[in-house]
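Engineer: So that you have it, the file is run-v9.csv, and it contains CSV, C-alpha atoms:
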chain,number,residue,atom,x,y,z
S,1,MET,CA,82.4,-30.5,8.9
S,2,THR,CA,80.4,-28.7,11.6
S,3,ALA,CA,81.1,-28.1,15.3
S,4,TYR,CA,79.8,-31.6,16.1
S,5,GLY,CA,81.6,-33.4,13.2
S,6,HIS,CA,78.6,-33.7,10.9
S,7,ASP,CA,79.1,-33.7,7.2
S,8,LEU,CA,77.8,-30.4,6.0
S,9,ASN,CA,76.7,-31.7,2.5
S,10,LYS,CA,74.7,-34.5,4.2
S,11,LEU,CA,73.0,-32.0,6.5
S,12,VAL,CA,72.1,-29.8,3.5
S,13,GLU,CA,70.8,-32.8,1.6
S,14,GLU,CA,68.6,-33.9,4.5
S,15,ASN,CA,67.7,-30.3,5.6
S,16,LYS,CA,69.1,-31.0,9.1
S,17,VAL,CA,70.9,-28.8,11.6
S,18,PRO,CA,72.9,-29.7,14.8
S,19,VAL,CA,71.5,-28.5,18.1
S,20,SER,CA,73.2,-26.9,21.1
S,21,GLY,CA,71.5,-26.3,24.5
S,22,SER,CA,72.3,-22.9,26.2
S,23,ASN,CA,72.4,-22.6,29.9
S,24,ARG,CA,71.7,-19.2,31.6
S,25,HIS,CA,74.5,-16.7,30.9
S,26,ALA,CA,75.5,-13.1,30.8
S,27,HIS,CA,76.9,-10.8,28.1
S,28,LEU,CA,78.5,-7.7,29.6
S,29,SER,CA,79.4,-4.3,28.3
S,30,THR,CA,82.9,-3.1,28.9
S,31,THR,CA,81.6,-0.5,31.4
S,32,ASP,CA,79.7,-3.1,33.4
S,33,LEU,CA,82.5,-5.6,33.3
S,34,GLU,CA,84.8,-3.0,34.8
S,35,ILE,CA,82.4,-2.0,37.5
S,36,LEU,CA,81.9,-5.7,38.4
S,37,PHE,CA,85.5,-6.9,38.1
S,38,GLY,CA,87.7,-3.7,38.3
S,39,ALA,CA,89.2,-1.2,35.9
S,40,GLY,CA,90.8,-2.6,32.8
S,41,TYR,CA,89.6,-6.2,33.5
S,42,GLN,CA,89.8,-8.7,30.7
S,43,LEU,CA,87.8,-12.0,30.6
S,44,THR,CA,89.6,-15.3,30.7
S,45,LYS,CA,88.6,-17.9,28.1
S,46,LEU,CA,87.3,-21.2,29.6
S,47,LYS,CA,86.3,-22.7,26.3
S,48,ASP,CA,85.3,-21.8,22.7
S,49,LEU,CA,81.6,-21.9,21.7
S,50,SER,CA,80.2,-23.0,18.4
S,51,GLN,CA,80.1,-19.5,17.0
S,52,PRO,CA,83.5,-18.3,15.8
S,53,GLY,CA,85.2,-15.9,18.3
S,54,GLN,CA,82.5,-16.5,21.0
S,55,PHE,CA,83.7,-18.1,24.3
S,56,ALA,CA,82.6,-19.1,27.7
S,57,ALA,CA,84.6,-17.2,30.3
S,58,LYS,CA,85.9,-18.5,33.6
S,59,GLU,CA,84.2,-15.6,35.3
S,60,CYS,CA,80.6,-15.7,36.7
S,61,VAL,CA,78.3,-13.2,38.3
S,62,LYS,CA,75.4,-13.3,40.6
S,63,ILE,CA,72.0,-11.7,39.9
S,64,VAL,CA,69.7,-10.4,42.6
S,65,THR,CA,66.0,-9.5,42.5
S,66,GLU,CA,63.5,-8.6,45.2
S,67,LYS,CA,62.4,-12.2,45.3
S,68,GLY,CA,65.7,-14.0,45.2
S,69,GLU,CA,69.1,-14.5,43.7
S,70,LYS,CA,70.9,-16.8,41.4
S,71,ASP,CA,74.7,-17.2,41.4
S,72,SER,CA,77.1,-18.9,39.0
S,73,ILE,CA,75.8,-17.1,36.0
S,74,ARG,CA,78.5,-17.7,33.4
S,75,ILE,CA,79.8,-14.8,31.4
S,76,LEU,CA,80.1,-15.3,27.6
S,77,GLY,CA,82.7,-13.2,25.8
S,78,PRO,CA,83.7,-11.1,24.1
S,79,VAL,CA,82.2,-8.0,25.7
S,80,ARG,CA,79.2,-6.5,23.8
S,81,SER,CA,77.9,-3.0,23.4
S,82,LYS,CA,75.0,-3.7,25.9
S,83,THR,CA,74.7,-5.9,28.9
S,84,GLN,CA,72.2,-8.7,28.4
S,85,ILE,CA,71.3,-11.5,30.8
S,86,GLU,CA,69.8,-14.7,29.3
S,87,LEU,CA,67.9,-16.7,31.8
S,88,LEU,CA,65.8,-19.9,31.7
S,89,ALA,CA,62.1,-19.4,32.0
S,90,SER,CA,62.4,-21.5,35.2
S,91,ASP,CA,64.9,-18.9,36.6
S,92,CYS,CA,62.6,-16.0,35.8
S,93,HIS,CA,59.7,-17.8,37.7
S,94,SER,CA,61.9,-18.4,40.8
S,95,LEU,CA,63.2,-14.8,40.7
S,96,GLY,CA,59.8,-13.3,40.2
S,97,LEU,CA,60.6,-11.8,36.8
S,98,PRO,CA,58.3,-11.9,33.7
S,99,VAL,CA,59.5,-14.2,31.0
S,100,CYS,CA,60.4,-12.1,28.0
S,101,VAL,CA,61.1,-14.4,25.0
S,102,ARG,CA,63.3,-12.2,22.8
S,103,ASP,CA,65.8,-12.4,20.0
S,104,SER,CA,69.3,-11.5,21.2
S,105,GLY,CA,69.8,-7.7,21.3
S,106,ASP,CA,66.1,-7.0,21.5
S,107,ILE,CA,65.9,-5.8,25.1
S,108,THR,CA,63.6,-2.8,25.0
S,109,SER,CA,61.1,-3.0,27.9
S,110,THR,CA,62.5,-6.2,29.3
S,111,PRO,CA,63.1,-6.5,33.1
S,112,GLY,CA,66.1,-5.1,34.9
S,113,VAL,CA,68.1,-6.8,37.6
S,114,GLU,CA,71.0,-6.2,40.0
S,115,ILE,CA,74.3,-7.9,38.9
S,116,VAL,CA,76.9,-8.6,41.5
S,117,GLY,CA,80.6,-9.2,40.8
S,118,PRO,CA,83.7,-9.6,43.0
S,119,ARG,CA,84.5,-5.9,42.9
S,120,GLY,CA,81.2,-4.1,42.5
S,121,LYS,CA,77.5,-4.2,41.6
S,122,VAL,CA,75.5,-2.7,38.8
S,123,LYS,CA,71.7,-2.3,38.4
S,124,ILE,CA,70.6,-2.6,34.8
S,125,LYS,CA,67.2,-1.1,33.9
S,126,GLU,CA,66.5,-3.7,31.2
S,127,GLY,CA,68.2,-6.6,29.6
S,128,VAL,CA,66.9,-9.8,31.1
S,129,ILE,CA,65.5,-12.1,28.4
S,130,ALA,CA,64.7,-15.7,27.7
S,131,ALA,CA,66.4,-16.3,24.4
S,132,ALA,CA,64.2,-17.1,21.5
S,133,ARG,CA,65.4,-20.3,19.8
S,134,HIS,CA,67.3,-19.6,16.5
S,135,ILE,CA,69.5,-21.2,13.9
S,136,HIS,CA,73.0,-19.7,13.1
S,137,MET,CA,74.1,-20.1,9.5
S,138,HIS,CA,77.2,-18.9,7.7
S,139,THR,CA,76.2,-17.0,4.5
S,140,LYS,CA,77.6,-19.8,2.4
S,141,GLU,CA,75.7,-22.4,4.4
S,142,ALA,CA,72.4,-20.4,4.0
S,143,THR,CA,72.9,-20.3,0.3
S,144,ALA,CA,73.5,-24.1,0.2
S,145,PHE,CA,70.3,-24.7,2.3
S,146,GLY,CA,68.3,-22.1,0.3
S,147,TYR,CA,67.5,-19.9,3.3
S,148,LYS,CA,68.0,-16.2,3.9
S,149,ASP,CA,68.5,-14.1,7.0
S,150,LYS,CA,65.2,-13.7,9.1
S,151,ASP,CA,63.5,-16.7,7.5
S,152,ARG,CA,61.3,-18.7,9.9
S,153,VAL,CA,61.1,-22.5,9.9
S,154,SER,CA,59.9,-25.3,12.1
S,155,VAL,CA,62.3,-27.8,13.4
S,156,ARG,CA,61.4,-31.4,14.6
S,157,MET,CA,63.4,-33.4,17.2
S,158,ASP,CA,62.5,-37.1,17.5
S,159,GLY,CA,63.3,-39.1,20.6
S,160,PRO,CA,61.7,-40.0,23.9
S,161,ARG,CA,59.9,-36.7,23.8
S,162,SER,CA,59.3,-35.8,20.1
S,163,VAL,CA,58.7,-32.1,19.6
S,164,THR,CA,58.4,-29.7,16.7
S,165,PHE,CA,59.6,-26.1,17.5
S,166,HIS,CA,57.8,-23.6,15.3
S,167,ASN,CA,58.7,-20.0,14.3
S,168,VAL,CA,62.4,-20.6,14.6
S,169,LEU,CA,64.4,-17.6,13.4
S,170,ILE,CA,67.3,-18.2,10.9
S,171,ARG,CA,70.2,-15.8,11.4
S,172,VAL,CA,72.7,-15.5,8.6
S,173,HIS,CA,76.1,-13.8,8.9
S,174,ASP,CA,79.7,-14.3,7.6
S,175,GLU,CA,80.8,-14.9,11.1
S,176,TYR,CA,78.3,-17.5,12.0
S,177,ALA,CA,78.6,-21.3,11.9
S,178,LEU,CA,75.8,-23.8,11.5
S,179,ASP,CA,74.1,-24.5,14.8
S,180,MET,CA,70.6,-24.3,16.3
S,181,HIS,CA,70.4,-22.8,19.8
S,182,ILE,CA,67.7,-23.8,22.3
S,183,ASP,CA,67.9,-23.3,26.0
S,184,LEU,CA,68.1,-26.0,28.7
S,185,ASP,CA,64.3,-25.9,29.4
S,186,GLU,CA,63.8,-26.7,25.7
S,187,MET,CA,66.5,-29.3,25.7
S,188,ASN,CA,64.8,-31.0,28.7
S,189,ALA,CA,61.4,-30.8,27.0
S,190,CYS,CA,62.7,-32.8,24.0
S,191,GLU,CA,65.5,-34.8,25.7
S,192,VAL,CA,68.0,-34.6,22.9
S,193,LYS,CA,71.8,-34.2,23.4
S,194,ASN,CA,74.1,-31.5,22.1
S,195,GLY,CA,75.0,-32.3,18.5
S,196,TYR,CA,71.7,-34.0,17.7
S,197,ALA,CA,70.8,-33.4,14.0
S,198,ALA,CA,67.3,-31.9,14.0
S,199,GLN,CA,65.0,-31.9,11.0
S,200,ILE,CA,64.2,-28.5,9.5
S,201,ILE,CA,60.7,-28.2,8.0
S,202,ARG,CA,60.3,-25.5,5.5
H,1,MET,CA,32.7,-27.3,32.2
H,2,THR,CA,36.2,-28.5,32.7
H,3,ALA,CA,38.6,-27.9,35.7
H,4,TYR,CA,39.6,-24.5,34.1
H,5,GLY,CA,36.0,-23.4,33.3
H,6,HIS,CA,36.2,-24.3,29.6
H,7,ASP,CA,32.9,-25.2,27.8
H,8,LEU,CA,33.4,-28.9,27.0
H,9,ASN,CA,31.2,-28.8,23.9
H,10,LYS,CA,33.4,-26.0,22.5
H,11,LEU,CA,36.6,-27.9,23.3
H,12,VAL,CA,35.2,-31.0,21.5
H,13,GLU,CA,34.1,-28.9,18.5
H,14,GLU,CA,37.5,-27.3,18.2
H,15,ASN,CA,39.4,-30.5,19.2
H,16,LYS,CA,41.2,-28.7,22.1
H,17,VAL,CA,42.3,-29.7,25.5
H,18,PRO,CA,43.2,-27.7,28.6
H,19,VAL,CA,46.8,-28.0,29.8
H,20,SER,CA,48.2,-28.4,33.4
H,21,GLY,CA,51.9,-28.3,34.3
H,22,SER,CA,53.2,-30.8,36.8
H,23,ASN,CA,56.0,-30.1,39.1
H,24,ARG,CA,58.2,-32.8,40.6
H,25,HIS,CA,56.3,-35.0,43.0
H,26,ALA,CA,56.1,-38.3,44.8
H,27,HIS,CA,53.5,-41.1,45.0
H,28,LEU,CA,54.0,-43.3,48.0
H,29,SER,CA,52.9,-46.8,48.9
H,30,THR,CA,51.3,-47.3,52.3
H,31,THR,CA,54.4,-49.2,53.5
H,32,ASP,CA,56.8,-46.4,52.4
H,33,LEU,CA,54.5,-43.7,53.8
H,34,GLU,CA,54.6,-45.4,57.2
H,35,ILE,CA,58.4,-45.8,57.2
H,36,LEU,CA,58.8,-42.1,56.3
H,37,PHE,CA,56.1,-40.6,58.5
H,38,GLY,CA,55.3,-43.2,61.2
H,39,ALA,CA,52.9,-46.1,61.6
H,40,GLY,CA,49.3,-45.5,60.7
H,41,TYR,CA,50.2,-42.1,59.2
H,42,GLN,CA,47.5,-40.4,56.9
H,43,LEU,CA,48.3,-37.7,54.3
H,44,THR,CA,46.7,-34.3,54.8
H,45,LYS,CA,45.1,-32.7,51.8
H,46,LEU,CA,46.5,-29.4,50.7
H,47,LYS,CA,44.4,-29.0,47.5
H,48,ASP,CA,42.5,-31.1,45.0
H,49,LEU,CA,44.0,-31.8,41.6
H,50,SER,CA,42.3,-31.9,38.2
H,51,GLN,CA,41.8,-35.7,38.4
H,52,PRO,CA,38.9,-36.7,40.7
H,53,GLY,CA,40.1,-38.0,44.1
H,54,GLN,CA,43.7,-37.0,43.5
H,55,PHE,CA,45.2,-34.3,45.8
H,56,ALA,CA,48.4,-32.5,46.6
H,57,ALA,CA,49.3,-33.3,50.2
H,58,LYS,CA,50.8,-30.9,52.8
H,59,GLU,CA,53.6,-33.4,53.3
H,60,CYS,CA,56.9,-33.3,51.4
H,61,VAL,CA,59.9,-35.6,51.2
H,62,LYS,CA,63.6,-35.2,50.4
H,63,ILE,CA,65.4,-37.5,47.9
H,64,VAL,CA,69.1,-38.2,48.0
H,65,THR,CA,71.5,-39.7,45.4
H,66,GLU,CA,75.3,-40.1,45.4
H,67,LYS,CA,75.6,-36.8,43.5
H,68,GLY,CA,73.1,-34.6,45.4
H,69,GLU,CA,69.8,-34.1,47.1
H,70,LYS,CA,66.5,-32.4,46.4
H,71,ASP,CA,64.1,-31.4,49.2
H,72,SER,CA,60.5,-30.2,49.1
H,73,ILE,CA,59.3,-33.0,46.8
H,74,ARG,CA,55.5,-32.7,47.2
H,75,ILE,CA,53.6,-36.0,47.9
H,76,LEU,CA,50.4,-36.5,45.9
H,77,GLY,CA,47.6,-38.6,47.3
H,78,PRO,CA,46.0,-41.0,47.8
H,79,VAL,CA,48.6,-43.7,48.4
H,80,ARG,CA,49.4,-46.1,45.5
H,81,SER,CA,50.4,-49.7,45.3
H,82,LYS,CA,54.0,-48.8,44.4
H,83,THR,CA,56.1,-45.8,45.2
H,84,GLN,CA,57.0,-43.6,42.2
H,85,ILE,CA,59.0,-40.4,42.1
H,86,GLU,CA,58.3,-38.1,39.2
H,87,LEU,CA,61.2,-35.7,38.6
H,88,LEU,CA,61.9,-33.0,36.0
H,89,ALA,CA,64.6,-33.9,33.5
H,90,SER,CA,66.6,-30.9,35.0
H,91,ASP,CA,66.4,-32.6,38.4
H,92,CYS,CA,67.6,-35.9,37.0
H,93,HIS,CA,70.6,-34.1,35.5
H,94,SER,CA,71.6,-32.3,38.7
H,95,LEU,CA,71.1,-35.5,40.7
H,96,GLY,CA,73.1,-37.6,38.3
H,97,LEU,CA,70.2,-39.9,37.4
H,98,PRO,CA,69.4,-41.0,33.9
H,99,VAL,CA,66.2,-39.5,32.5
H,100,CYS,CA,63.7,-42.3,32.0
H,101,VAL,CA,60.6,-40.8,30.2
H,102,ARG,CA,57.9,-43.2,31.1
H,103,ASP,CA,54.1,-43.5,31.4
H,104,SER,CA,52.9,-43.5,35.0
H,105,GLY,CA,53.2,-47.0,36.6
H,106,ASP,CA,55.8,-48.2,34.0
H,107,ILE,CA,58.8,-48.2,36.4
H,108,THR,CA,60.7,-51.4,35.4
H,109,SER,CA,64.5,-50.7,35.2
H,110,THR,CA,64.1,-47.1,36.2
H,111,PRO,CA,66.6,-45.6,38.7
H,112,GLY,CA,66.2,-46.0,42.4
H,113,VAL,CA,66.8,-43.3,45.0
H,114,GLU,CA,66.8,-42.7,48.8
H,115,ILE,CA,63.7,-41.0,50.1
H,116,VAL,CA,63.9,-39.2,53.4
H,117,GLY,CA,61.0,-38.3,55.6
H,118,PRO,CA,60.7,-36.9,59.2
H,119,ARG,CA,60.5,-40.3,60.8
H,120,GLY,CA,62.6,-42.5,58.6
H,121,LYS,CA,64.3,-43.3,55.3
H,122,VAL,CA,63.6,-45.8,52.5
H,123,LYS,CA,65.7,-46.8,49.6
H,124,ILE,CA,63.7,-47.7,46.5
H,125,LYS,CA,65.4,-49.9,43.9
H,126,GLU,CA,63.4,-48.4,41.0
H,127,GLY,CA,60.7,-45.8,40.5
H,128,VAL,CA,62.2,-42.5,39.4
H,129,ILE,CA,60.7,-41.4,36.1
H,130,ALA,CA,60.2,-38.3,34.0
H,131,ALA,CA,56.5,-38.5,33.3
H,132,ALA,CA,55.6,-38.9,29.6
H,133,ARG,CA,53.1,-36.2,28.7
H,134,HIS,CA,49.5,-37.5,28.3
H,135,ILE,CA,45.9,-36.5,28.1
H,136,HIS,CA,43.3,-37.7,30.7
H,137,MET,CA,39.8,-38.1,29.3
H,138,HIS,CA,36.6,-39.4,31.0
H,139,THR,CA,35.1,-42.3,29.0
H,140,LYS,CA,32.2,-40.0,27.9
H,141,GLU,CA,34.6,-37.2,26.9
H,142,ALA,CA,36.7,-39.7,24.8
H,143,THR,CA,33.5,-40.8,23.0
H,144,ALA,CA,32.6,-37.2,22.3
H,145,PHE,CA,36.0,-36.5,20.9
H,146,GLY,CA,36.2,-39.7,19.0
H,147,TYR,CA,39.3,-41.0,20.8
H,148,LYS,CA,39.9,-44.3,22.6
H,149,ASP,CA,42.4,-45.3,25.4
H,150,LYS,CA,46.0,-45.5,24.2
H,151,ASP,CA,45.5,-43.4,21.1
H,152,ARG,CA,48.4,-41.2,20.3
H,153,VAL,CA,48.0,-37.6,19.0
H,154,SER,CA,50.1,-34.5,18.5
H,155,VAL,CA,49.2,-31.3,20.4
H,156,ARG,CA,50.1,-27.8,19.3
H,157,MET,CA,50.6,-24.9,21.7
H,158,ASP,CA,50.8,-21.4,20.2
H,159,GLY,CA,52.4,-18.5,22.0
H,160,PRO,CA,55.8,-16.8,22.4
H,161,ARG,CA,57.4,-20.3,22.0
H,162,SER,CA,55.0,-22.2,19.7
H,163,VAL,CA,55.6,-26.0,19.9
H,164,THR,CA,53.9,-29.2,18.8
H,165,PHE,CA,54.3,-32.1,21.2
H,166,HIS,CA,54.1,-35.5,19.3
H,167,ASN,CA,53.3,-39.0,20.4
H,168,VAL,CA,51.0,-37.8,23.3
H,169,LEU,CA,49.2,-40.7,25.0
H,170,ILE,CA,45.5,-40.5,25.5
H,171,ARG,CA,44.3,-42.2,28.7
H,172,VAL,CA,40.6,-42.9,29.1
H,173,HIS,CA,38.9,-43.9,32.3
H,174,ASP,CA,35.6,-43.4,34.1
H,175,GLU,CA,37.5,-41.7,36.9
H,176,TYR,CA,39.4,-39.2,34.7
H,177,ALA,CA,38.6,-35.6,33.8
H,178,LEU,CA,39.7,-33.8,30.7
H,179,ASP,CA,43.2,-32.5,31.1
H,180,MET,CA,46.6,-32.7,29.4
H,181,HIS,CA,49.6,-33.1,31.7
H,182,ILE,CA,53.0,-31.8,30.8
H,183,ASP,CA,55.9,-31.1,33.2
H,184,LEU,CA,57.4,-27.8,34.2
H,185,ASP,CA,60.3,-28.2,31.7
H,186,GLU,CA,57.8,-28.6,29.0
H,187,MET,CA,55.6,-25.7,30.2
H,188,ASN,CA,58.7,-23.5,30.2
H,189,ALA,CA,59.6,-24.7,26.7
H,190,CYS,CA,56.3,-23.5,25.3
H,191,GLU,CA,55.5,-20.7,27.8
H,192,VAL,CA,51.8,-21.3,28.2
H,193,LYS,CA,49.9,-21.1,31.5
H,194,ASN,CA,47.7,-23.7,33.3
H,195,GLY,CA,44.3,-23.9,31.6
H,196,TYR,CA,45.6,-22.9,28.1
H,197,ALA,CA,43.5,-24.7,25.6
H,198,ALA,CA,45.9,-26.6,23.3
H,199,GLN,CA,45.0,-27.8,19.8
H,200,ILE,CA,44.9,-31.6,19.4
H,201,ILE,CA,46.0,-32.8,15.9
H,202,ARG,CA,44.7,-36.2,15.0
Would it be possible to restate this file's structure as structure tokens?

Structural biologist:
Amino acid sequence: MTAYGHDLNKLVEENKVPVSGSNRHAHLSTTDLEILFGAGYQLTKLKDLSQPGQFAAKECVKIVTEKGEKDSIRILGPVRSKTQIELLASDCHSLGLPVCVRDSGDITSTPGVEIVGPRGKVKIKEGVIAAARHIHMHTKEATAFGYKDKDRVSVRMDGPRSVTFHNVLIRVHDEYALDMHIDLDEMNACEVKNGYAAQIIR
Amino acid sequence: MTAYGHDLNKLVEENKVPVSGSNRHAHLSTTDLEILFGAGYQLTKLKDLSQPGQFAAKECVKIVTEKGEKDSIRILGPVRSKTQIELLASDCHSLGLPVCVRDSGDITSTPGVEIVGPRGKVKIKEGVIAAARHIHMHTKEATAFGYKDKDRVSVRMDGPRSVTFHNVLIRVHDEYALDMHIDLDEMNACEVKNGYAAQIIR
């Protein structure tokens, strides 16, 4: 069974993957978390996410650019080695930032931004991305599907706004669970709901 | 030459169409325009749009639902026989409205909303849609391409977020000019710019 209650064997047989939409969010390093929230601060879990150990925290931050600001940016835990802000393309436009569509962790030469928390501020030099859509698979799930880490596939969503997303990265790891991540702009463009089983096209 | 300066013969040869992104906007009936702005009111042109005779007006309205409100909704002219509000799916979500993906004019059983102007308010019983993507073609252009009114095609956009949009309606009329209309959510999902020449797939 997957996060949305799908039968894994049936998904493998039909070459389908459940979909989750990601809103804008922040991953913080321990250093930046402590600057923003105070020394020794620990995030409070609001709810678990589809990937094991990952959670949405109760805490939010604000980000500020020369052109504007955006508050209520949810922090996702646990802390990471580097701070990374994942925005929607629509946010980047309203904040005057270039849209850098990147895989998570690939932040070289992406825009920086000022992050504001209740106890302090931090200016990151880079780290603002629009997350490239991708599919998480546990190693055993990838074997069952016949995919390997870094494979690229197309994925079709049928509905009121049928779309095929191309060049979707498959990420395989022993700590992953089967789920395709697209952002809210992409969810709106295809009008499917969380848990929709999308068709993978090899 | 098309609105974006493309060579029409080359577009026909390559089966490509320029793309424009539409933001949220309002079409008003004369009756509703006069309630909102005063008797005998005439819209002021801000700029021409890609379709002959169509223009963005200087005037904006606000819309209000039980859950929230959205101001700065640009009016597009000229006036129409029926008022129609075209929102982004993201707007519908924040306003608590169902997302009805419809072709322009097909507003039966779509949500209503309160519209607020500087001189009055009007409550429409239906008319809020998320516009279904479509391609405008002049009759001569359609003949050159080999398409007819109401044909459905897929359209591929390549870039940082390559996407194929399926089930795209072709609308043919003597008063149309070649242009594909998608909304800002869809623009963000594929990250192309206005004027991008997209590949039509028969």

Engineer: Tell me, as an MDAnalysis selection string, which residues lie within 6 Å of range 82-89 of chain H, counting only C-alpha atoms; anything in the same chain fewer than 4 positions away does not count.

Structural biologist: (chainID S and resid 188) or (chainID H and resid 24:29 99 127:130)

Engineer: Using only C-alpha atoms, what does the table of range 2-86 of chain S residues within 10 Å of range 189-198 of chain S look like, with each row giving the shortest atom pair and its distance in Å to one decimal, sorted by chain and ascending number, as JSON lines?

Structural biologist:
{"residue": "S:Thr2", "atom": "CA", "partner": "S:Gly195", "partner_atom": "CA", "distance": 9.5}
{"residue": "S:Ala3", "atom": "CA", "partner": "S:Gly195", "partner_atom": "CA", "distance": 8.1}
{"residue": "S:Tyr4", "atom": "CA", "partner": "S:Gly195", "partner_atom": "CA", "distance": 5.4}
{"residue": "S:Gly5", "atom": "CA", "partner": "S:Gly195", "partner_atom": "CA", "distance": 8.5}
{"residue": "S:His6", "atom": "CA", "partner": "S:Ala197", "partner_atom": "CA", "distance": 8.4}
{"residue": "S:Leu11", "atom": "CA", "partner": "S:Ala197", "partner_atom": "CA", "distance": 7.9}
{"residue": "S:Glu14", "atom": "CA", "partner": "S:Ala197", "partner_atom": "CA", "distance": 9.8}
{"residue": "S:Asn15", "atom": "CA", "partner": "S:Ala198", "partner_atom": "CA", "distance": 8.6}
{"residue": "S:Lys16", "atom": "CA", "partner": "S:Ala198", "partner_atom": "CA", "distance": 5.3}
{"residue": "S:Val17", "atom": "CA", "partner": "S:Ala197", "partner_atom": "CA", "distance": 5.2}
{"residue": "S:Pro18", "atom": "CA", "partner": "S:Ala197", "partner_atom": "CA", "distance": 4.3}
{"residue": "S:Val19", "atom": "CA", "partner": "S:Gly195", "partner_atom": "CA", "distance": 5.2}
{"residue": "S:Ser20", "atom": "CA", "partner": "S:Asn194", "partner_atom": "CA", "distance": 4.8}
{"residue": "S:Gly21", "atom": "CA", "partner": "S:Asn194", "partner_atom": "CA", "distance": 6.3}
{"residue": "S:Ser22", "atom": "CA", "partner": "S:Asn194", "partner_atom": "CA", "distance": 9.7}

Engineer: Only residues of chain S matter here; which ones have an atom within 9 Å of chain H, counting all atoms listed in the file? Give them as a ChimeraX atom specification.

Structural biologist: /S:88-90,99-102,132-133,154,156,158,160-168,183-191

Engineer: Tell me, as a list in words, which residues lie within 7 Å of range 69-77 of chain H, counting all atoms listed in the file; anything in the same chain fewer than 5 positions away does not count.

Structural biologist: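 The residues satisfying every condition are Arg24, His25, Ala26, His27, Gln54, Phe55, Ala56, Ala57, Glu59, Cys60, Val61, Lys62, Ile63, Val64 and Leu95 of chain H.
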
Engineer: Around range 142-147 of chain S, with edges along x, y and z and 8 Å added on all six sides, what centre and edge lengths do you get, in Å to one decimal, as AutoDock Vina command-line options?

Structural biologist:
--center_x 70.5 --center_y -22.3 --center_z 2.1 --size_x 22.0 --size_y 20.8 --size_z 19.8

Engineer: For Gly146 in chain S, which residue out of S:Ile107, S:Ile35, S:Val172, S:Val113 is the nearest one, using all atoms listed in the file?

Structural biologist: S:Val172

Engineer: How far is it from CA of Thr30 in chain H to CA of Pro78 in chain H, in Å with one decimal?

Structural biologist: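 Answer for the CA of Thr30 in chain H to CA of Pro78 in chain H separation: 9.4 Å.
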
Engineer: Suppose you want the space between CA of Thr65 in chain H and CA of Gly96 in chain H; what is it in Å?

Structural biologist: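 That distance, rounded to one decimal, is 7.6 Å.
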
Engineer: Could you check how far CA of Leu36 in chain H sits from CA of Val116 in chain H, in Å to one decimal?

Structural biologist: 6.5 Å

Engineer: Which is closer to Asp149 in chain S than all the others in S:Ile115, S:Ile135, S:Leu97, S:Ile170, using all atoms listed in the file?

Structural biologist: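 Looking only at the distances to Asp149 in chain S, the closest residue turns out to be S:Ile170.
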
Engineer: Counting only C-alpha atoms, which residues sit no farther than 10 Å from the position (31.0, -45.2, 35.8) in the file's frame? I'd like them as a ChimeraX atom specification.

Structural biologist: /H:138-140,173-175
